[in-house]
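Student: Just one file: work09.txt, with compact mmCIF, C-alpha atoms.
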```
# COMPACT_ATOMS: atom_id res chain seq x y z
CA MET H 13 181.26 147.94 20.82
CA GLN H 14 179.21 149.99 18.40
CA TRP H 15 181.74 152.76 17.66
CA HIS H 16 184.53 152.08 15.20
CA SER H 17 186.50 155.25 15.83
CA VAL H 18 186.67 158.27 18.10
CA SER H 19 185.61 160.58 15.29
CA GLU H 20 182.54 158.43 14.62
CA PHE H 21 181.66 158.72 18.30
CA ILE H 22 182.07 162.50 18.24
CA HIS H 23 180.09 162.77 15.02
CA MET H 24 177.10 160.98 16.67
CA GLY H 25 175.60 159.97 13.35
CA GLY H 26 175.17 163.62 12.34
CA TYR H 27 173.49 164.65 15.61
CA ALA H 28 176.66 165.89 17.33
CA LEU H 29 175.37 169.42 18.00
CA TYR H 30 172.12 168.18 19.54
CA VAL H 31 173.45 165.22 21.54
CA TRP H 32 176.60 166.93 22.84
CA GLY H 33 174.67 170.16 23.31
CA SER H 34 172.20 168.36 25.59
CA PHE H 35 174.77 166.45 27.62
CA GLY H 36 177.12 169.44 27.73
CA ALA H 37 174.38 171.80 28.95
CA THR H 38 173.39 169.30 31.64
CA ALA H 39 177.01 168.98 32.79
CA LEU H 40 177.40 172.77 32.88
CA VAL H 41 174.21 173.25 34.89
CA VAL H 42 175.23 170.55 37.38
CA ALA H 43 178.70 172.09 37.78
CA ALA H 44 177.23 175.57 38.22
CA GLU H 45 174.77 174.36 40.85
CA ILE H 46 177.47 172.55 42.82
CA TRP H 47 179.56 175.73 42.70
CA GLN H 48 176.55 177.78 43.83
CA VAL H 49 175.64 175.64 46.86
CA ASN H 50 179.32 175.67 47.91
CA ALA H 51 179.52 179.44 47.54
CA ARG H 52 176.34 179.89 49.58
CA ARG H 53 177.69 177.69 52.36
CA LYS H 54 181.02 179.54 52.40
CA ALA H 55 179.22 182.90 52.45
CA ILE H 56 177.11 182.05 55.49
CA PHE H 57 180.13 180.61 57.33
CA ARG H 58 182.18 183.74 56.55
CA SER H 59 179.37 186.02 57.66
CA LEU H 60 178.85 184.07 60.89
CA SER H 61 182.53 183.93 61.81
CA ASP H 62 182.92 187.67 61.07
CA GLU H 63 180.06 188.28 63.45
CA LEU H 64 181.69 186.14 66.14
CA LEU H 65 185.08 187.85 65.68
CA SER H 66 183.70 191.38 65.82
CA ASN H 67 181.58 190.47 68.82
CA PRO H 68 183.52 187.70 70.60
CA ASP H 69 181.77 187.91 73.98
CA ALA H 70 178.28 188.06 72.51
CA GLU H 71 177.66 184.63 73.91
CA SER H 72 178.30 185.62 77.53
CA ARG H 73 176.19 188.77 77.21
CA SER H 74 173.24 187.20 75.53
CA PRO H 75 170.31 186.58 77.90
CA MET F 215 153.55 156.80 70.93
CA ASN F 216 156.47 154.50 70.47
CA LYS F 217 160.11 155.55 70.46
CA ARG F 218 160.44 155.56 66.71
CA ALA F 219 157.70 158.17 66.25
CA ILE F 220 159.39 160.41 68.81
CA SER F 221 162.76 160.17 67.09
CA TRP F 222 161.16 161.31 63.80
CA PHE F 223 159.75 164.38 65.49
CA LYS F 224 163.22 165.10 66.80
CA PHE F 225 164.43 165.72 63.22
CA ALA F 226 161.68 168.25 62.62
CA SER F 227 163.81 170.71 64.59
CA PRO F 228 166.18 172.61 62.27
CA GLN F 229 169.11 172.05 64.62
CA ASN F 230 168.79 168.26 64.58
CA PHE F 231 168.02 168.17 60.88
CA TYR F 232 171.12 170.26 60.16
CA HIS F 233 173.33 167.55 61.63
CA LEU F 234 171.32 164.70 60.09
CA ALA F 235 171.51 166.32 56.63
CA GLY F 236 175.25 166.78 57.10
CA ARG F 237 175.67 163.06 57.62
CA MET F 238 173.33 162.08 54.77
CA TRP F 239 174.28 164.25 51.81
CA PRO F 240 177.70 162.64 51.05
CA TRP F 241 175.97 159.28 50.59
CA PHE F 242 173.48 160.68 48.11
CA ALA F 243 176.20 162.60 46.28
CA GLY F 244 178.35 159.45 46.06
CA LEU F 245 175.43 157.37 44.79
CA ALA F 246 174.65 160.07 42.22
CA ALA F 247 178.24 159.97 40.92
CA VAL F 248 178.31 156.16 40.68
CA LEU F 249 174.87 155.91 39.06
CA ALA F 250 175.65 158.72 36.60
CA SER F 251 178.87 157.00 35.56
CA VAL F 252 177.09 153.70 34.94
CA GLY F 253 174.15 155.49 33.28
CA LEU F 254 176.40 157.48 30.93
CA TRP F 255 178.32 154.37 30.00
CA ILE F 256 175.09 152.57 29.10
CA SER F 257 173.80 155.70 27.30
CA PHE F 258 176.74 155.84 24.92
CA PHE F 259 178.29 152.36 24.76
CA VAL F 260 175.60 149.77 25.53
CA ALA F 261 172.32 151.20 24.24
CA PRO F 262 172.07 150.47 20.51
CA ILE F 263 171.29 152.95 17.75
CA ASP F 264 167.58 153.74 17.35
CA ALA F 265 165.88 152.48 14.20
CA GLN F 266 164.01 155.76 13.58
CA GLN F 267 166.09 158.49 15.20
CA GLY F 268 169.62 157.16 14.72
CA GLN F 269 172.09 158.40 17.32
CA GLY F 270 169.99 161.50 17.95
CA TYR F 271 167.68 159.66 20.34
CA ARG F 272 170.47 159.55 22.97
CA ILE F 273 169.22 162.92 24.18
CA ILE F 274 166.54 160.85 25.95
CA PHE F 275 169.10 159.90 28.62
CA VAL F 276 169.20 163.46 29.95
CA HIS F 277 165.85 164.81 28.70
CA VAL F 278 163.56 162.30 30.44
CA PRO F 279 165.40 162.35 33.81
CA ALA F 280 165.51 166.16 33.83
CA SER F 281 161.83 166.45 32.88
CA GLN F 282 160.52 163.99 35.44
CA MET F 283 162.71 165.51 38.17
CA ALA F 284 161.35 168.98 37.35
CA MET F 285 157.80 167.71 37.84
CA PHE F 286 158.53 165.53 40.85
CA ILE F 287 160.56 168.15 42.73
CA TYR F 288 157.65 170.54 42.28
CA LEU F 289 155.28 168.04 43.89
CA VAL F 290 157.68 167.49 46.81
CA MET F 291 158.06 171.26 47.17
CA ALA F 292 154.28 171.71 47.16
CA GLY F 293 153.97 168.86 49.67
CA TRP F 294 156.42 170.51 52.09
CA SER F 295 154.62 173.81 51.57
CA ALA F 296 151.21 172.30 52.32
CA PHE F 297 152.64 170.62 55.42
CA GLY F 298 154.12 173.93 56.55
CA LEU F 299 150.86 175.81 55.98
CA ALA F 300 148.87 173.17 57.84
CA PHE F 301 151.17 172.59 60.83
CA ASN F 302 153.25 175.78 60.88
CA THR F 303 156.53 173.87 61.09
CA ARG F 304 159.69 175.90 60.50
CA LEU F 305 161.64 173.23 58.64
CA SER F 306 158.97 172.76 55.94
CA GLY F 307 159.46 176.19 54.40
CA MET F 308 163.23 175.74 54.49
CA MET F 309 162.92 172.40 52.65
CA ALA F 310 160.62 173.92 50.04
CA SER F 311 163.00 176.80 49.36
CA ALA F 312 165.98 174.45 49.27
CA LEU F 313 164.34 172.44 46.48
CA ALA F 314 163.15 175.31 44.27
CA PRO F 315 166.50 176.18 42.57
CA THR F 316 167.23 172.53 41.72
CA GLY F 317 163.72 172.11 40.32
CA ALA F 318 164.04 175.28 38.27
CA LEU F 319 167.34 174.09 36.81
CA PHE F 320 165.82 170.76 35.82
CA ALA F 321 162.82 172.52 34.24
CA PHE F 322 165.27 174.69 32.29
CA LEU F 323 167.25 171.61 31.19
CA SER F 324 164.04 169.85 30.19
CA LEU F 325 163.15 172.75 27.87
CA LEU F 326 166.68 173.16 26.53
CA THR F 327 167.31 169.47 25.80
CA GLY F 328 163.77 169.26 24.42
CA ALA F 329 164.55 172.09 21.99
CA LEU F 330 167.81 170.37 21.01
CA TRP F 331 165.84 167.21 20.37
CA GLY F 332 162.94 168.93 18.62
CA LYS F 333 165.09 170.72 16.06
CA PRO F 334 166.46 167.62 14.28
CA MET F 335 163.35 165.43 14.77
CA TRP F 336 160.42 167.86 14.35
CA GLY F 337 162.26 170.56 12.42
CA THR F 338 161.62 173.22 15.06
CA TRP F 339 163.19 174.30 18.35
CA TRP F 340 159.86 175.22 19.87
CA VAL F 341 156.10 174.93 19.35
CA TRP F 342 153.38 176.36 21.56
CA ASP F 343 151.79 173.02 22.23
CA ALA F 344 150.41 171.72 25.51
CA ARG F 345 153.41 169.71 26.76
CA LEU F 346 155.99 172.40 25.99
CA THR F 347 153.90 175.33 27.16
CA SER F 348 152.92 173.71 30.46
CA THR F 349 156.60 172.87 31.10
CA LEU F 350 157.49 176.52 30.45
CA ILE F 351 154.82 177.48 33.01
CA LEU F 352 156.48 175.07 35.46
CA LEU F 353 159.76 176.96 35.03
CA PHE F 354 157.94 180.26 35.62
CA LEU F 355 156.31 178.84 38.77
CA TYR F 356 159.73 177.91 40.16
CA MET F 357 161.08 181.35 39.28
CA GLY F 358 158.04 183.02 40.81
CA PHE F 359 158.51 181.00 44.00
CA MET F 360 162.16 182.07 44.29
CA ALA F 361 161.42 185.71 43.44
CA LEU F 362 158.60 185.85 46.00
CA GLN F 363 160.83 184.27 48.65
CA ALA F 364 163.55 186.84 47.94
CA SER F 365 161.15 189.79 47.98
CA ILE F 366 159.74 189.22 51.50
CA ASP F 367 162.19 189.99 54.30
CA ASP F 368 160.52 187.99 57.06
CA PRO F 369 161.27 184.34 56.16
CA ARG F 370 158.22 182.99 58.01
CA ARG F 371 155.88 185.28 56.08
CA ALA F 372 157.76 184.47 52.87
CA ASP F 373 157.21 180.76 53.57
CA LYS F 374 153.46 181.31 53.90
CA ALA F 375 153.16 183.33 50.67
CA CYS F 376 155.40 180.93 48.74
CA GLY F 377 153.56 177.98 50.26
CA VAL F 378 150.28 179.16 48.79
CA LEU F 379 151.93 179.74 45.40
CA ALA F 380 153.53 176.27 45.44
CA VAL F 381 150.32 174.49 46.43
CA VAL F 382 148.16 176.32 43.87
CA GLY F 383 150.79 175.79 41.15
CA ALA F 384 150.80 172.04 41.77
CA VAL F 385 147.72 171.77 39.54
CA ASN F 386 150.10 172.35 36.61
CA VAL F 387 152.00 169.09 37.20
CA PRO F 388 149.18 166.67 36.22
CA ILE F 389 148.45 169.00 33.29
CA ILE F 390 152.04 168.52 32.07
CA TYR F 391 151.92 164.78 32.64
CA PHE F 392 148.61 164.14 30.88
CA SER F 393 149.00 166.86 28.23
CA VAL F 394 150.13 164.33 25.63
CA GLN F 395 146.84 162.43 26.09
CA TRP F 396 144.49 165.38 26.48
CA TRP F 397 145.61 167.45 23.53
CA ASN F 398 147.00 166.89 20.07
CA THR F 399 150.70 167.49 20.37
CA LEU F 400 153.95 166.98 18.55
CA HIS F 401 155.38 165.49 21.70
CA GLN F 402 155.30 161.70 21.85
CA GLY F 403 153.39 159.88 24.57
CA ALA F 404 154.98 158.13 27.52
CA SER F 405 157.40 155.36 26.56
CA VAL F 406 157.24 153.83 30.01
CA SER F 407 154.09 153.14 32.01
CA LEU F 408 152.81 150.69 34.58
CA LYS F 409 151.67 148.46 31.73
CA GLY F 410 155.19 148.11 30.40
CA SER F 411 157.61 149.79 28.10
CA SER F 412 157.86 150.34 24.37
CA MET F 413 161.66 150.71 24.59
CA ALA F 414 164.48 148.23 24.02
CA THR F 415 165.87 146.86 27.29
CA PRO F 416 169.33 148.54 27.34
CA MET F 417 167.75 151.88 26.43
CA LEU F 418 165.20 151.52 29.21
CA LEU F 419 167.84 150.38 31.70
CA GLY F 420 170.11 153.31 30.85
CA MET F 421 167.25 155.75 31.20
CA LEU F 422 166.13 154.35 34.56
CA ILE F 423 169.69 154.47 35.93
CA MET F 424 170.02 158.09 34.79
CA VAL F 425 166.68 158.85 36.45
CA LEU F 426 167.98 157.35 39.71
CA ALA F 427 171.23 159.31 39.39
CA PHE F 428 169.26 162.56 39.00
CA TRP F 429 167.18 161.63 42.04
CA MET F 430 170.25 161.12 44.21
CA TYR F 431 171.78 164.34 42.88
CA ALA F 432 168.63 166.35 43.63
CA ILE F 433 168.43 164.94 47.18
CA ALA F 434 172.12 165.76 47.80
CA MET F 435 171.69 169.32 46.48
CA GLY F 436 168.53 169.83 48.55
CA LEU F 437 170.26 168.64 51.72
CA VAL F 438 173.36 170.80 51.22
CA ARG F 439 171.26 173.85 50.38
CA VAL F 440 168.88 173.36 53.31
CA ARG F 441 171.87 173.34 55.67
CA SER F 442 172.89 176.80 54.46
CA ILE F 443 169.30 178.01 54.77
CA ILE F 444 169.10 176.66 58.34
CA LEU F 445 172.30 178.52 59.28
CA GLU F 446 171.06 181.72 57.61
CA ARG F 447 167.73 181.66 59.41
CA GLU F 448 168.94 180.42 62.80
CA ARG F 449 172.05 182.60 62.85
CA HIS F 450 171.15 184.27 66.14
CA THR F 451 170.83 181.03 68.08
CA GLU F 452 173.51 179.58 70.34
CA TRP F 453 173.75 176.26 68.55
CA VAL F 454 174.64 177.94 65.25
CA LYS F 455 177.45 179.86 66.97
CA HIS F 456 178.79 176.59 68.34
CA ALA F 457 178.39 174.83 64.98
CA VAL F 458 180.44 177.51 63.20
CA ALA F 459 183.02 178.32 65.88
```
Go ahead and express the file in the form of structure tokens.
Tutor:
Amino acid sequence: MQWHSVSEFIHMGGYALYVWGSFGATALVVAAEIWQVNARRKAIFRSLSDELLSNPDAESRSP
Amino acid sequence: MNKRAISWFKFASPQNFYHLAGRMWPWFAGLAAVLASVGLWISFFVAPIDAQQGQGYRIIFVHVPASQMAMFIYLVMAGWSAFGLAFNTRLSGMMASALAPTGALFAFLSLLTGALWGKPMWGTWWVWDARLTSTLILLFLYMGFMALQASIDDPRRADKACGVLAVVGAVNVPIIYFSVQWWNTLHQGASVSLKGSSMATPMLLGMLIMVLAFWMYAIAMGLVRVRSIILERERHTEWVKHAVA
């Protein structure tokens, strides 16, 4: 184990801003993208089910 | 043709690929989570302090994976685009547009983590040198691809226009990769090549595991996003109505 205390780990040898900034930004971007692909999937499902509800017999009338 | 070749063609149809992607993405997402956990543990608790850069070098464990993903996703995107332009397959354009946002995010992260690394080591957030500038152009190419896609209503025509942009823009990727050899630059050369590595083993191992984690993540994101795109574009077909109902 190379860290002797939690504060030493957080301090990152004086590079805390840069190291945690990099890893933090990456984590934020990943979280935002996961949220975005979920939102897009929910949006298309909502839009499709609205369409089916407002037009329930579309299937039987379609050629 | 044997049976295997036929079954591959089967997945070229958006309907079949929708279901295949639905079965595949959880595996890639799970692998990404496991690999990222192991990679982060190595990054912070196994890899030793660097003799020259102290603890600051640990940025490498996100900077290198993000940068190489940004370049590689672009090549895959250009490959799908070229395939779509050549064979006029519907799925190709959907795959290319599913990859663009993930690639753009990695290009952005490459620039941001690079700036956060450059400030303490070079004394500047940014320089207009070949490696940094060509990576900025890569981000603009991704953004141009997405903007062009969004600006053309007919998705098939949008695929063609974006396909040309993606294929032409691919020339930038080797420029990024070889920029550190072709021009004088602040950016260091490659630490890992086919000839071997100049890095200590735990550092290299941690970096490679993080690279793999980013790969699995990008594949999972691409698959989930392409499923939404398939539903959006095939919304008037019977199978989509059955899939949603």
Student: Hey, could you make a per-residue contact list for chain F against chain H with 7 Å as the cut-off, showing the nearest pair of atoms and its distance in Å to one decimal, counting all atoms listed in the file, sorted by chain and number, as CSV?
Tutor:
```
residue,atom,partner,partner_atom,distance
F:Phe259,CA,H:Met13,CA,6.6
F:Gly268,CA,H:Gly25,CA,6.7
F:Gln269,CA,H:Gly25,CA,5.5
F:Gly270,CA,H:Tyr27,CA,5.3
F:Arg272,CA,H:Val31,CA,6.6
F:Ile273,CA,H:Val31,CA,5.5
F:Val276,CA,H:Phe35,CA,6.7
F:Leu323,CA,H:Thr38,CA,6.6
F:Thr327,CA,H:Ser34,CA,5.0
F:Leu330,CA,H:Tyr30,CA,5.1
F:Trp331,CA,H:Tyr30,CA,6.4
F:Val438,CA,H:Val49,CA,6.9
F:Arg439,CA,H:Val49,CA,5.9
F:Ser442,CA,H:Arg53,CA,5.3
F:Glu446,CA,H:Ile56,CA,6.4
F:Val458,CA,H:Phe57,CA,6.6
F:Ala459,CA,H:Ser61,CA,6.9
```
Student: So that I can check the surroundings of stretch 353-367 of chain F, please list as an mmCIF file with C-alpha atoms, in the frame of the given file every protein, DNA and RNA residue that reaches within 8 Å of it, counting all atoms listed in the file and ignoring chain neighbours fewer than 4 positions away.
Tutor:
```cif
data_model
loop_
_atom_site.group_PDB
_atom_site.id
_atom_site.type_symbol
_atom_site.label_atom_id
_atom_site.label_comp_id
_atom_site.auth_asym_id
_atom_site.auth_seq_id
_atom_site.Cartn_x
_atom_site.Cartn_y
_atom_site.Cartn_z
ATOM 1 C CA TYR F 288 157.650 170.540 42.280
ATOM 2 C CA SER F 311 163.000 176.800 49.360
ATOM 3 C CA ALA F 314 163.150 175.310 44.270
ATOM 4 C CA PRO F 315 166.500 176.180 42.570
ATOM 5 C CA GLY F 317 163.720 172.110 40.320
ATOM 6 C CA ALA F 318 164.040 175.280 38.270
ATOM 7 C CA ALA F 321 162.820 172.520 34.240
ATOM 8 C CA PHE F 322 165.270 174.690 32.290
ATOM 9 C CA THR F 349 156.600 172.870 31.100
ATOM 10 C CA ARG F 371 155.880 185.280 56.080
ATOM 11 C CA ALA F 372 157.760 184.470 52.870
ATOM 12 C CA ASP F 373 157.210 180.760 53.570
ATOM 13 C CA ALA F 375 153.160 183.330 50.670
ATOM 14 C CA CYS F 376 155.400 180.930 48.740
ATOM 15 C CA LEU F 379 151.930 179.740 45.400
ATOM 16 C CA ALA F 380 153.530 176.270 45.440
ATOM 17 C CA GLY F 383 150.790 175.790 41.150
#
```
Student: Record the distance separating atom CA of F:Ser295 and atom CA of F:Val378, expressed in Å with one decimal.
Tutor: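 If I compute the distance from atom CA of F:Ser295 to atom CA of F:Val378, I get 7.4 Å.
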Student: Applying 12 Å and only C-alpha atoms, which residues near F:Phe275 remain after dropping the ones on its own chain fewer than 3 positions away? List them as a ChimeraX atom specification.
Tutor: /H:31-32,34-35,38 /F:250,252-258,261,269-272,278-282,324,327-328,331,416-428
Student: Rank nothing, just name the residue among F:Leu299, F:Leu289, F:Ala243, F:Leu352 nearest to F:Phe320, using only C-alpha atoms.
Tutor: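 Of the candidates, the smallest distance to F:Phe320 is held by F:Leu352.
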Student: What does the structure give for the distance between atom CA of F:Val248 and atom CA of F:Met430, in Å to one decimal?
Tutor: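 Between atom CA of F:Val248 and atom CA of F:Met430 the gap works out to 10.1 Å.
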Student: Rounded to one decimal in Å, what is the spacing between atom CA of F:Thr316 and atom CA of F:Trp336?
Tutor: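 Pair atom CA of F:Thr316 / atom CA of F:Trp336 returns 28.6 Å.
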Student: Considering all atoms listed in the file, can you say which of F:Leu350, F:Ile274, F:Val440, F:Leu234 comes closest to F:Arg304?
Tutor: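 That would be F:Val440, the residue with the smallest distance to F:Arg304.
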